[in-house]
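S.K.: I'm passing along entry_17.txt; it holds compact mmCIF, C-alpha atoms and all ligand atoms.
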# COMPACT_ATOMS: atom_id res chain seq x y z
CA MET A 29 -16.72 17.52 14.11
CA SER A 30 -17.08 17.64 10.32
CA LEU A 31 -15.30 14.89 8.41
CA VAL A 32 -14.57 17.08 5.37
CA ALA A 33 -11.24 18.81 4.73
CA ASN A 34 -8.62 19.96 2.20
CA TRP A 35 -5.04 19.02 3.03
CA SER A 36 -1.75 19.66 1.23
CA TYR A 37 0.41 17.34 3.31
CA PRO A 38 1.89 15.06 2.02
CA THR A 39 0.13 16.06 -1.21
CA ALA A 40 -3.18 17.78 -1.99
CA ILE A 41 -5.89 15.58 -0.47
CA ARG A 42 -9.60 16.22 -0.94
CA PHE A 43 -11.09 14.22 1.88
CA GLY A 44 -14.75 13.48 2.50
CA ALA A 45 -17.79 11.42 1.54
CA GLY A 46 -19.10 12.12 -1.96
CA ARG A 47 -16.02 13.98 -3.13
CA VAL A 48 -15.43 11.65 -6.08
CA ALA A 49 -17.83 14.08 -7.78
CA GLU A 50 -14.89 16.52 -7.84
CA LEU A 51 -12.94 14.43 -10.38
CA PRO A 52 -13.64 16.88 -13.24
CA ASP A 53 -12.47 19.79 -11.12
CA ALA A 54 -9.29 17.90 -10.25
CA CYS A 55 -8.70 17.18 -13.96
CA ALA A 56 -9.18 20.87 -14.74
CA GLN A 57 -6.71 21.85 -12.04
CA LEU A 58 -4.06 19.59 -13.60
CA ASN A 59 -5.04 20.50 -17.17
CA ILE A 60 -6.05 16.92 -17.98
CA LYS A 61 -8.49 16.84 -20.91
CA ARG A 62 -8.25 13.18 -21.95
CA PRO A 63 -7.79 11.11 -18.78
CA LEU A 64 -7.14 7.37 -18.85
CA PHE A 65 -9.10 5.83 -15.97
CA VAL A 66 -7.00 2.95 -14.61
CA THR A 67 -8.57 0.37 -12.32
CA ASP A 68 -8.40 -3.37 -11.69
CA ALA A 69 -10.34 -6.19 -13.29
CA GLY A 70 -12.46 -6.82 -10.18
CA LEU A 71 -13.46 -3.20 -9.70
CA ALA A 72 -14.24 -2.65 -13.39
CA SER A 73 -17.74 -4.12 -13.07
CA LEU A 74 -18.71 -2.48 -9.76
CA PRO A 75 -21.20 0.41 -9.48
CA ILE A 76 -18.60 2.72 -7.85
CA THR A 77 -16.54 2.48 -11.02
CA ALA A 78 -19.51 3.23 -13.26
CA GLN A 79 -20.31 6.19 -11.00
CA ALA A 80 -16.80 7.65 -11.19
CA LEU A 81 -16.57 7.11 -14.95
CA GLY A 82 -20.02 8.69 -15.31
CA VAL A 83 -18.80 11.79 -13.50
CA LEU A 84 -15.96 12.14 -16.02
CA GLU A 85 -18.16 11.45 -19.03
CA THR A 86 -20.81 13.96 -17.97
CA ALA A 87 -18.08 16.59 -17.71
CA GLY A 88 -16.96 15.87 -21.29
CA LEU A 89 -13.80 14.05 -20.22
CA GLY A 90 -14.66 10.75 -21.93
CA ASN A 91 -14.90 7.29 -20.40
CA ALA A 92 -11.64 5.66 -21.47
CA ILE A 93 -10.79 2.84 -19.08
CA PHE A 94 -7.89 0.41 -18.69
CA SER A 95 -8.73 -2.42 -16.29
CA GLU A 96 -6.32 -5.24 -17.14
CA VAL A 97 -4.74 -4.92 -13.71
CA PHE A 98 -4.64 -7.87 -11.33
CA PRO A 99 -3.45 -8.10 -7.70
CA ASN A 100 0.37 -7.84 -7.47
CA PRO A 101 0.62 -6.35 -10.99
CA ASP A 102 3.55 -7.09 -13.29
CA GLU A 103 5.33 -5.58 -16.30
CA ASN A 104 2.98 -7.31 -18.78
CA SER A 105 0.03 -5.41 -17.37
CA LEU A 106 2.11 -2.23 -17.49
CA ALA A 107 2.95 -2.80 -21.17
CA LYS A 108 -0.76 -3.17 -22.02
CA GLY A 109 -1.60 -0.04 -20.07
CA LEU A 110 1.11 1.94 -21.82
CA LYS A 111 -0.23 0.85 -25.20
CA ARG A 112 -3.75 1.90 -24.20
CA TYR A 113 -2.42 5.27 -23.01
CA ALA A 114 -0.57 5.90 -26.28
CA ASP A 115 -3.40 4.64 -28.51
CA GLY A 116 -5.87 6.96 -26.77
CA ASN A 117 -3.52 9.94 -26.87
CA HIS A 118 -4.21 10.52 -23.19
CA ASP A 119 -2.78 13.38 -21.16
CA GLY A 120 -3.09 12.14 -17.59
CA VAL A 121 -4.34 9.24 -15.46
CA VAL A 122 -7.02 8.71 -12.86
CA ALA A 123 -5.74 5.92 -10.59
CA PHE A 124 -8.84 4.28 -9.12
CA GLY A 125 -8.60 1.27 -6.80
CA GLY A 126 -6.45 -0.43 -4.23
CA GLY A 127 -2.67 -0.54 -4.23
CA SER A 128 -2.52 -2.73 -7.33
CA ALA A 129 -4.48 -0.37 -9.60
CA VAL A 130 -3.03 2.82 -8.10
CA ASP A 131 0.54 1.53 -8.36
CA LEU A 132 0.09 0.48 -11.97
CA ALA A 133 -1.61 3.75 -12.92
CA LYS A 134 1.28 5.72 -11.42
CA LEU A 135 3.70 3.67 -13.52
CA ILE A 136 1.71 4.27 -16.71
CA ALA A 137 1.90 8.02 -16.07
CA PHE A 138 5.62 7.67 -15.39
CA MET A 139 6.74 5.26 -18.09
CA GLN A 140 4.77 6.71 -21.00
CA GLY A 141 7.47 9.41 -21.23
CA GLN A 142 10.62 7.36 -20.56
CA THR A 143 12.97 5.53 -22.91
CA ARG A 144 14.58 2.96 -20.60
CA SER A 145 13.20 -0.25 -19.11
CA VAL A 146 11.05 0.16 -16.00
CA TRP A 147 13.54 -1.98 -14.04
CA ASP A 148 16.16 0.75 -14.54
CA TYR A 149 14.15 2.93 -12.16
CA GLU A 150 14.17 0.55 -9.21
CA ASP A 151 14.53 2.24 -5.85
CA VAL A 152 18.30 1.80 -5.70
CA GLY A 153 20.56 4.76 -4.88
CA ASP A 154 19.92 7.61 -7.29
CA TRP A 155 18.58 5.46 -10.15
CA TRP A 156 15.46 7.65 -10.19
CA THR A 157 17.58 10.48 -11.62
CA ARG A 158 17.87 8.42 -14.84
CA ALA A 159 14.27 9.42 -15.62
CA ASN A 160 13.15 12.47 -17.54
CA PRO A 161 10.90 14.22 -14.98
CA ASP A 162 9.39 16.62 -17.54
CA THR A 163 7.47 13.90 -19.37
CA ILE A 164 5.68 12.39 -16.37
CA ALA A 165 1.93 12.72 -16.90
CA PRO A 166 -0.28 14.18 -14.16
CA ILE A 167 -1.85 11.70 -11.73
CA ILE A 168 -5.07 11.88 -9.74
CA ALA A 169 -5.42 9.04 -7.23
CA VAL A 170 -8.73 7.79 -5.84
CA PRO A 171 -8.22 4.94 -3.34
CA THR A 172 -10.99 2.35 -2.90
CA THR A 173 -9.24 0.21 -0.29
CA SER A 174 -7.74 1.54 2.93
CA GLY A 175 -4.38 -0.14 3.23
CA THR A 176 -1.37 0.51 1.05
CA GLY A 177 -1.58 4.30 1.00
CA SER A 178 -0.08 4.18 -2.50
CA GLU A 179 -2.15 7.29 -3.23
CA VAL A 180 0.30 9.34 -1.14
CA GLY A 181 3.45 7.43 -2.06
CA ARG A 182 6.34 8.16 -4.40
CA ALA A 183 6.83 4.52 -5.32
CA SER A 184 5.01 1.66 -7.02
CA VAL A 185 5.46 -2.04 -6.43
CA LEU A 186 5.82 -4.07 -9.63
CA THR A 187 6.29 -7.83 -9.76
CA ASN A 188 8.88 -9.07 -12.24
CA SER A 189 7.02 -11.95 -13.90
CA LYS A 190 10.26 -13.71 -14.88
CA SER A 191 12.23 -13.53 -11.63
CA HIS A 192 9.09 -13.49 -9.40
CA VAL A 193 10.57 -10.64 -7.39
CA LYS A 194 8.60 -7.60 -6.30
CA LYS A 195 10.53 -4.47 -7.22
CA ILE A 196 9.96 -0.98 -5.89
CA ILE A 197 10.01 1.62 -8.63
CA PHE A 198 10.65 5.11 -7.29
CA HIS A 199 10.41 8.65 -8.55
CA PRO A 200 9.42 11.71 -6.46
CA LYS A 201 7.12 12.89 -9.24
CA ILE A 202 4.91 9.80 -9.21
CA LEU A 203 3.42 11.11 -6.00
CA PRO A 204 -0.12 11.88 -7.24
CA SER A 205 -0.72 15.62 -7.51
CA ILE A 206 -4.28 15.33 -6.25
CA VAL A 207 -5.82 12.59 -4.09
CA ILE A 208 -9.55 12.20 -3.60
CA CYS A 209 -10.26 10.18 -0.44
CA ASP A 210 -13.96 9.37 -0.58
CA PRO A 211 -14.91 6.84 2.12
CA GLU A 212 -18.19 6.02 0.31
CA LEU A 213 -16.09 4.18 -2.30
CA ALA A 214 -14.94 1.69 0.35
CA VAL A 215 -18.43 0.79 1.59
CA GLY A 216 -18.73 -2.32 -0.62
CA MET A 217 -15.27 -3.67 0.18
CA PRO A 218 -15.79 -7.27 1.42
CA PRO A 219 -14.85 -7.95 5.08
CA VAL A 220 -11.85 -10.13 4.22
CA ILE A 221 -10.33 -7.36 2.07
CA THR A 222 -11.26 -4.74 4.68
CA ALA A 223 -9.37 -6.76 7.32
CA GLY A 224 -6.25 -7.46 5.26
CA THR A 225 -5.87 -3.97 3.84
CA GLY A 226 -6.70 -2.35 7.19
CA LEU A 227 -4.02 -4.38 8.96
CA ASP A 228 -1.62 -3.43 6.17
CA ALA A 229 -2.20 0.22 7.14
CA PHE A 230 -1.51 -0.67 10.77
CA ILE A 231 1.67 -2.57 9.87
CA HIS A 232 3.02 0.31 7.75
CA SER A 233 2.77 2.55 10.79
CA PHE A 234 4.05 -0.15 13.16
CA GLU A 235 7.12 -1.04 11.12
CA ALA A 236 7.92 2.63 10.51
CA PHE A 237 7.51 3.34 14.23
CA CYS A 238 9.93 0.51 15.13
CA SER A 239 12.54 1.14 12.42
CA PRO A 240 15.77 2.59 13.80
CA PHE A 241 16.12 5.64 11.52
CA TYR A 242 15.63 9.25 12.71
CA HIS A 243 12.32 10.74 11.59
CA PRO A 244 10.28 12.27 14.44
CA MET A 245 7.47 13.41 12.14
CA SER A 246 6.98 9.83 11.02
CA GLN A 247 6.84 8.70 14.66
CA GLY A 248 3.94 11.04 15.40
CA ILE A 249 2.01 10.14 12.28
CA ALA A 250 2.56 6.43 12.85
CA LEU A 251 1.22 6.58 16.42
CA GLU A 252 -2.01 8.29 15.46
CA GLY A 253 -2.35 6.10 12.36
CA MET A 254 -2.26 3.00 14.57
CA ARG A 255 -4.80 4.49 16.98
CA LEU A 256 -7.19 5.11 14.12
CA VAL A 257 -6.89 1.48 13.02
CA LYS A 258 -7.35 0.19 16.56
CA ASP A 259 -10.50 2.23 17.03
CA ASN A 260 -12.06 1.80 13.60
CA LEU A 261 -11.02 -1.33 11.73
CA LEU A 262 -13.34 -3.72 13.58
CA LYS A 263 -16.22 -1.28 13.11
CA ALA A 264 -15.62 -1.13 9.34
CA TYR A 265 -15.16 -4.92 9.23
CA LYS A 266 -18.48 -5.57 10.99
CA ASP A 267 -20.46 -2.82 9.26
CA GLY A 268 -19.03 -1.79 5.91
CA SER A 269 -21.47 1.09 5.66
CA ASP A 270 -20.10 2.82 8.76
CA ILE A 271 -18.86 5.90 6.89
CA GLU A 272 -17.11 7.40 9.88
CA ALA A 273 -15.08 4.21 10.44
CA ARG A 274 -14.39 3.93 6.70
CA GLY A 275 -13.22 7.55 6.70
CA HIS A 276 -10.85 7.07 9.61
CA MET A 277 -9.45 3.94 7.93
CA MET A 278 -8.78 5.93 4.75
CA SER A 279 -6.88 8.47 6.83
CA ALA A 280 -4.96 5.70 8.59
CA ALA A 281 -3.92 4.21 5.24
CA ALA A 282 -2.56 7.52 3.96
CA MET A 283 -0.82 8.08 7.30
CA GLY A 284 0.83 4.65 7.21
CA ALA A 285 2.33 5.34 3.78
CA THR A 286 3.45 8.79 4.90
CA ALA A 287 5.08 7.27 7.98
CA PHE A 288 6.91 4.50 6.15
CA GLN A 289 9.21 6.98 4.43
CA LYS A 290 11.16 6.24 7.63
CA GLY A 291 11.49 2.57 6.72
CA LEU A 292 9.68 -0.74 6.90
CA GLY A 293 10.94 -4.02 8.32
CA ALA A 294 10.79 -7.79 8.54
CA VAL A 295 7.04 -8.11 8.01
CA HIS A 296 7.33 -6.58 4.54
CA ALA A 297 10.64 -8.32 3.82
CA LEU A 298 8.95 -11.68 4.50
CA SER A 299 5.73 -10.81 2.74
CA HIS A 300 7.06 -9.44 -0.56
CA PRO A 301 8.64 -12.77 -1.68
CA VAL A 302 5.51 -14.69 -0.63
CA GLY A 303 3.28 -12.30 -2.59
CA ALA A 304 5.52 -12.50 -5.64
CA VAL A 305 5.90 -16.31 -5.65
CA TYR A 306 2.42 -17.37 -4.42
CA ASN A 307 0.38 -14.32 -5.50
CA THR A 308 -1.18 -13.96 -2.05
CA PRO A 309 -3.07 -10.82 -0.95
CA HIS A 310 -0.50 -8.32 0.31
CA GLY A 311 -2.28 -7.09 3.44
CA MET A 312 -3.34 -10.52 4.67
CA THR A 313 0.17 -11.91 4.09
CA ASN A 314 1.58 -9.10 6.24
CA ALA A 315 -1.08 -9.62 8.89
CA ILE A 316 -0.22 -13.31 9.28
CA ALA A 317 3.51 -12.54 9.56
CA LEU A 318 3.15 -9.73 12.12
CA PRO A 319 2.90 -11.56 15.49
CA ALA A 320 6.01 -13.68 14.85
CA VAL A 321 7.98 -10.59 13.83
CA VAL A 322 6.85 -8.69 16.94
CA ARG A 323 8.09 -11.57 19.12
CA PHE A 324 11.37 -11.82 17.20
CA ASN A 325 12.08 -8.08 17.34
CA ARG A 326 11.18 -7.78 21.04
CA PRO A 327 14.72 -7.16 22.36
CA ALA A 328 15.08 -4.15 20.05
CA ILE A 329 11.55 -2.70 20.21
CA GLU A 330 10.28 -3.36 23.73
CA ASP A 331 10.68 0.25 24.95
CA ARG A 332 8.98 1.68 21.87
CA VAL A 333 6.15 -0.81 22.03
CA CYS A 334 5.55 0.17 25.68
CA LEU A 335 5.17 3.82 24.56
CA LEU A 336 2.83 2.68 21.80
CA ALA A 337 0.74 0.59 24.19
CA ALA A 338 0.38 3.58 26.51
CA TYR A 339 -0.74 5.80 23.60
CA LEU A 340 -3.24 3.18 22.45
CA GLY A 341 -4.65 2.85 25.98
CA ILE A 342 -3.50 -0.78 26.31
CA GLU A 343 -2.36 -1.91 29.75
CA GLY A 344 0.51 -4.32 30.39
CA GLY A 345 3.32 -2.85 28.28
CA PHE A 346 4.81 -5.13 25.63
CA ASP A 347 2.91 -8.24 26.69
CA GLY A 348 -0.35 -6.30 26.87
CA PHE A 349 0.23 -4.99 23.34
CA TYR A 350 1.07 -8.45 22.02
CA ASP A 351 -2.05 -10.00 23.57
CA TRP A 352 -4.19 -7.20 22.18
CA LEU A 353 -2.66 -7.71 18.72
CA VAL A 354 -3.36 -11.44 18.70
CA GLY A 355 -6.95 -10.87 19.86
CA PHE A 356 -7.47 -8.11 17.28
CA SER A 357 -6.24 -10.40 14.47
CA ARG A 358 -8.52 -13.20 15.67
CA ALA A 359 -11.51 -10.88 15.76
CA LEU A 360 -10.72 -10.02 12.12
CA ASN A 361 -10.47 -13.73 11.24
CA VAL A 362 -6.83 -13.53 10.21
CA PRO A 363 -5.47 -17.08 9.80
CA GLU A 364 -2.54 -18.02 12.03
CA LYS A 365 -0.47 -19.55 9.23
CA LEU A 366 0.32 -18.70 5.61
CA SER A 367 -0.62 -22.27 4.65
CA ALA A 368 -4.26 -21.12 5.03
CA ILE A 369 -3.76 -18.83 2.02
CA GLY A 370 -1.98 -21.34 -0.19
CA VAL A 371 1.68 -21.05 0.82
CA ASP A 372 3.73 -24.26 1.24
CA ARG A 373 7.24 -24.95 2.53
CA LEU A 374 8.67 -26.22 -0.75
CA GLN A 375 10.44 -22.97 -1.60
CA ILE A 376 11.39 -21.86 1.88
CA ASP A 377 15.14 -21.50 1.10
CA LEU A 378 14.40 -19.36 -1.93
CA LEU A 379 11.94 -17.22 0.06
CA ALA A 380 14.52 -16.72 2.84
CA GLN A 381 17.16 -15.58 0.36
CA MET A 382 14.71 -13.19 -1.33
CA ALA A 383 13.58 -11.78 2.02
CA VAL A 384 17.13 -10.88 3.04
CA GLU A 385 17.60 -9.05 -0.26
CA ASP A 386 14.27 -7.22 -0.05
CA PRO A 387 14.72 -3.45 0.43
CA SER A 388 12.42 -3.51 3.48
CA ALA A 389 14.84 -5.79 5.32
CA GLY A 390 17.20 -2.87 5.94
CA GLY A 391 14.61 -1.11 8.13
CA ASN A 392 14.23 -4.00 10.55
CA PRO A 393 15.68 -3.17 13.97
CA ILE A 394 17.44 -6.57 14.10
CA THR A 395 19.58 -7.64 11.13
CA LEU A 396 17.94 -10.35 9.06
CA THR A 397 20.09 -13.28 7.91
CA PRO A 398 18.97 -16.18 5.69
CA GLU A 399 18.96 -18.44 8.79
CA ILE A 400 16.79 -16.01 10.78
CA THR A 401 14.33 -15.48 7.93
CA LYS A 402 14.13 -19.22 7.32
CA ALA A 403 13.27 -19.77 10.98
CA LEU A 404 10.63 -17.02 10.77
CA TYR A 405 9.10 -18.61 7.66
CA GLU A 406 9.04 -21.99 9.44
CA GLU A 407 7.04 -20.35 12.20
CA ILE A 408 4.49 -18.63 9.99
CA ILE A 409 3.91 -21.08 7.10
P1 LIG B 1 -5.54 -4.69 -4.34
O1 LIG B 1 -5.41 -3.38 -4.98
O2 LIG B 1 -4.78 -5.82 -4.94
O3 LIG B 1 -7.09 -5.05 -4.27
C1 LIG B 1 -7.51 -6.28 -3.68
C2 LIG B 1 -8.89 -6.64 -4.18
O4 LIG B 1 -9.84 -5.72 -3.65
C3 LIG B 1 -9.05 -6.58 -5.70
O5 LIG B 1 -9.65 -7.77 -6.14
C4 LIG B 1 -9.96 -5.38 -5.94
O6 LIG B 1 -10.78 -5.56 -7.06
C5 LIG B 1 -10.78 -5.36 -4.65
N1 LIG B 1 -11.31 -4.04 -4.28
C6 LIG B 1 -10.62 -2.88 -4.18
N2 LIG B 1 -11.44 -1.90 -3.73
C7 LIG B 1 -12.66 -2.44 -3.58
C8 LIG B 1 -13.93 -1.91 -3.17
N3 LIG B 1 -14.07 -0.65 -2.78
N4 LIG B 1 -14.99 -2.75 -3.17
C9 LIG B 1 -14.85 -4.05 -3.52
N5 LIG B 1 -13.67 -4.60 -3.90
C10 LIG B 1 -12.59 -3.81 -3.93
O7 LIG B 1 -5.17 -4.65 -2.78
P2 LIG B 1 -4.31 -3.63 -1.94
O8 LIG B 1 -3.97 -4.34 -0.70
O9 LIG B 1 -4.96 -2.30 -1.85
O10 LIG B 1 -2.97 -3.43 -2.83
C11 LIG B 1 -1.96 -4.42 -2.85
C12 LIG B 1 -0.87 -4.03 -3.83
O11 LIG B 1 -0.28 -2.79 -3.42
C13 LIG B 1 0.27 -5.05 -3.86
O12 LIG B 1 0.76 -5.18 -5.17
C14 LIG B 1 1.31 -4.42 -2.96
O13 LIG B 1 2.62 -4.87 -3.24
C15 LIG B 1 1.14 -2.95 -3.30
N6 LIG B 1 1.63 -2.02 -2.27
C16 LIG B 1 2.05 -0.80 -2.70
C17 LIG B 1 2.55 0.13 -1.79
C18 LIG B 1 3.06 1.46 -2.25
O14 LIG B 1 3.58 2.22 -1.46
N7 LIG B 1 2.96 1.78 -3.50
C19 LIG B 1 2.55 -0.17 -0.42
C20 LIG B 1 2.08 -1.39 -0.02
C21 LIG B 1 1.62 -2.31 -0.95
As a first step, turn the structure in this file into structure tokens.
M.R.:
Amino acid sequence: MSLVANWSYPTAIRFGAGRVAELPDACAQLNIKRPLFVTDAGLASLPITAQALGVLETAGLGNAIFSEVFPNPDENSLAKGLKRYADGNHDGVVAFGGGSAVDLAKLIAFMQGQTRSVWDYEDVGDWWTRANPDTIAPIIAVPTTSGTGSEVGRASVLTNSKSHVKKIIFHPKILPSIVICDPELAVGMPPVITAGTGLDAFIHSFEAFCSPFYHPMSQGIALEGMRLVKDNLLKAYKDGSDIEARGHMMSAAAMGATAFQKGLGAVHALSHPVGAVYNTPHGMTNAIALPAVVRFNRPAIEDRVCLLAAYLGIEGGFDGFYDWLVGFSRALNVPEKLSAIGVDRLQIDLLAQMAVEDPSAGGNPITLTPEITKALYEEII
């Protein structure tokens, strides 16, 4: 079977090894003549970035880059990116990186044409209709991790540096118009990032699959997304150059983000405050929280998890799935507690309050209260 394809669901996706070479063609399709290449500070010095920028430069599209993006980006980084966009008179963005860079690039394309504060476009009710959709610049997304699936999402996560709260900024038109999924770009991703981001993809599908809302398409996508992670994440973790495994993980990431239109749950509700307050890696934070949430949600999700276990070829129903999950996390060297990644218990009451107010909390199959979330934090920190 050939691992090359063109898809238009959920957006136009050019999938396959080496396809980053098609960046100029994608720019032409969207009528971008002066792209701003947005990536993060860590990626800026890597050969894959030089390669992608070289492709643009050779095609006469310049080599303008903005790389002042750090994990869990905030509004200060956005302000700098917007200035760079305006100063360079750009007419579109290439979002190159993991969730942090892709999210921020999407917001640059969005905010460069708006007049209100970015916080006025939080994913609350119909706040997105406050935006002028006609001024949103075209976006090409090129993921280099396989986790968040931001490349196929209509939202960006932005940390408010003053309140230390992660906010979801939503507009249907920040869904990138073209995505280039090139698994060769993920080859150099270190094992620890491969593990955390890969489990993030799994958790997106898992939480969507368990959330109580009606969305049968999401259910199907989530199931197959989880199977791809089960069968490929360890391979990519052990041998980063396994292009087939890297490719399947890129698919799984996009599928997770497509599936979570149905909703997320307690893992993300617990993880967002921790990421915002302690600046921990998003995927790894989720991965550490997952087993406790699976145990807690058991009364509401047991039947679904049994279906999932059967699909994944795991014997023993719920318990079999749970044992597999714990073993899988161990094989990927996921720590058992958040204290291993720098989280302490000093702010546990604040975290619990923030978790209950997080938008992901509403998708959890069991209602989260401050007492419940505090008990969950006590288990996982
Ligand atoms: P990330 O973008 O923060 O990247 C993590 C690290 O990996 C960075 O240091 C980066 O330089 C490095 N890296 C990326 N690709 C690499 C490669 N190919 N080789 C070597 N190093 C590489 O991590 P992430 O988990 O992809 O994104 C997390 C962010 O995404 C968080 O802010 C989170 O809140 C957000 N998020 C967004 C959505 C969404 O729908 N928009 C969903 C989930 C999470």
S.K.: Quick one: of A:Leu366, A:Ala80, A:Val207, A:Val371, who's nearest to A:Phe43, counting only C-alpha atoms?
M.R.: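 For A:Phe43, the nearest of the given residues is A:Val207.
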S.K.: Would you pick out the contacts of A:Gly224 at 8 Å or less, using only C-alpha atoms, so that residues sharing its chain but fewer than 6 positions from it are not included, and give the list as a ChimeraX atom specification?
M.R.: /A:175,309-313,315,362
S.K.: Which one of A:Lys402, A:Arg332, A:Lys134, A:Arg326 sits closest to ligand LIG 1 (chain B) if you count only C-alpha atoms and all ligand atoms?
M.R.: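 Answer, going by the shortest atom-to-atom distance: A:Lys134.
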S.K.: In terms of the shortest atom-to-atom distance over only C-alpha atoms, which of A:Leu340, A:Ala45, A:Val257, A:Ala389 is closest to A:Ser233?
M.R.: A:Val257
S.K.: If I put a ball of radius 8 Å at (-9.4, -4.4, 14.8) in the file's coordinates, which residues poke into it when counting all atoms listed in the file, written as a list in words?
M.R.: Ala223, Leu227, Val257, Lys258, Asp259, Asn260, Leu261, Leu262, Lys263, Phe356, Ser357, Ala359 and Leu360 of chain A
S.K.: Pick out the residues no farther than 7 Å from ligand LIG 1 (chain B), counting only C-alpha atoms and all ligand atoms, and list them as a ChimeraX atom specification.
M.R.: /A:68-71,98-101,125-129,131,172-178,181,183-186,213-218,221,225,285,300,309-311
S.K.: Save stretch 246-263 of chain A of the structure in the block above to a file, with N, CA and C atoms included, as a compact mmCIF listing (two decimals), in the first residue's frame.
M.R.:
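Output below, filename part-v6.txt:
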# COMPACT_ATOMS: atom_id res chain seq x y z
N SER A 246 -17.15 11.07 14.84
CA SER A 246 -16.02 11.20 15.76
C SER A 246 -15.68 9.84 16.39
N GLN A 247 -16.72 9.07 16.75
CA GLN A 247 -16.46 7.78 17.38
C GLN A 247 -15.61 6.89 16.47
N GLY A 248 -15.95 6.86 15.19
CA GLY A 248 -15.21 6.01 14.25
C GLY A 248 -13.78 6.48 14.09
N ILE A 249 -13.63 7.79 13.93
CA ILE A 249 -12.27 8.33 13.74
C ILE A 249 -11.43 8.09 14.98
N ALA A 250 -12.05 8.28 16.15
CA ALA A 250 -11.31 8.11 17.40
C ALA A 250 -10.81 6.67 17.55
N LEU A 251 -11.66 5.70 17.24
CA LEU A 251 -11.26 4.29 17.38
C LEU A 251 -10.03 3.99 16.54
N GLU A 252 -10.08 4.36 15.26
CA GLU A 252 -8.96 4.04 14.38
C GLU A 252 -7.73 4.88 14.75
N GLY A 253 -7.95 6.10 15.22
CA GLY A 253 -6.82 6.92 15.67
C GLY A 253 -6.09 6.23 16.82
N MET A 254 -6.85 5.68 17.76
CA MET A 254 -6.21 4.99 18.89
C MET A 254 -5.48 3.72 18.44
N ARG A 255 -6.07 3.02 17.47
CA ARG A 255 -5.38 1.81 16.97
C ARG A 255 -4.04 2.18 16.34
N LEU A 256 -4.03 3.26 15.58
CA LEU A 256 -2.77 3.67 14.95
C LEU A 256 -1.71 3.99 16.00
N VAL A 257 -2.13 4.65 17.09
CA VAL A 257 -1.14 4.94 18.15
C VAL A 257 -0.67 3.64 18.79
N LYS A 258 -1.61 2.77 19.10
CA LYS A 258 -1.22 1.51 19.76
C LYS A 258 -0.20 0.74 18.92
N ASP A 259 -0.41 0.73 17.62
CA ASP A 259 0.45 -0.08 16.76
C ASP A 259 1.74 0.62 16.32
N ASN A 260 1.82 1.93 16.51
CA ASN A 260 2.97 2.64 15.91
C ASN A 260 3.79 3.51 16.85
N LEU A 261 3.21 3.90 18.00
CA LEU A 261 3.97 4.86 18.82
C LEU A 261 5.28 4.26 19.36
N LEU A 262 5.21 3.03 19.85
CA LEU A 262 6.44 2.43 20.38
C LEU A 262 7.50 2.27 19.29
N LYS A 263 7.03 1.95 18.08
CA LYS A 263 7.99 1.81 16.96
C LYS A 263 8.69 3.14 16.70
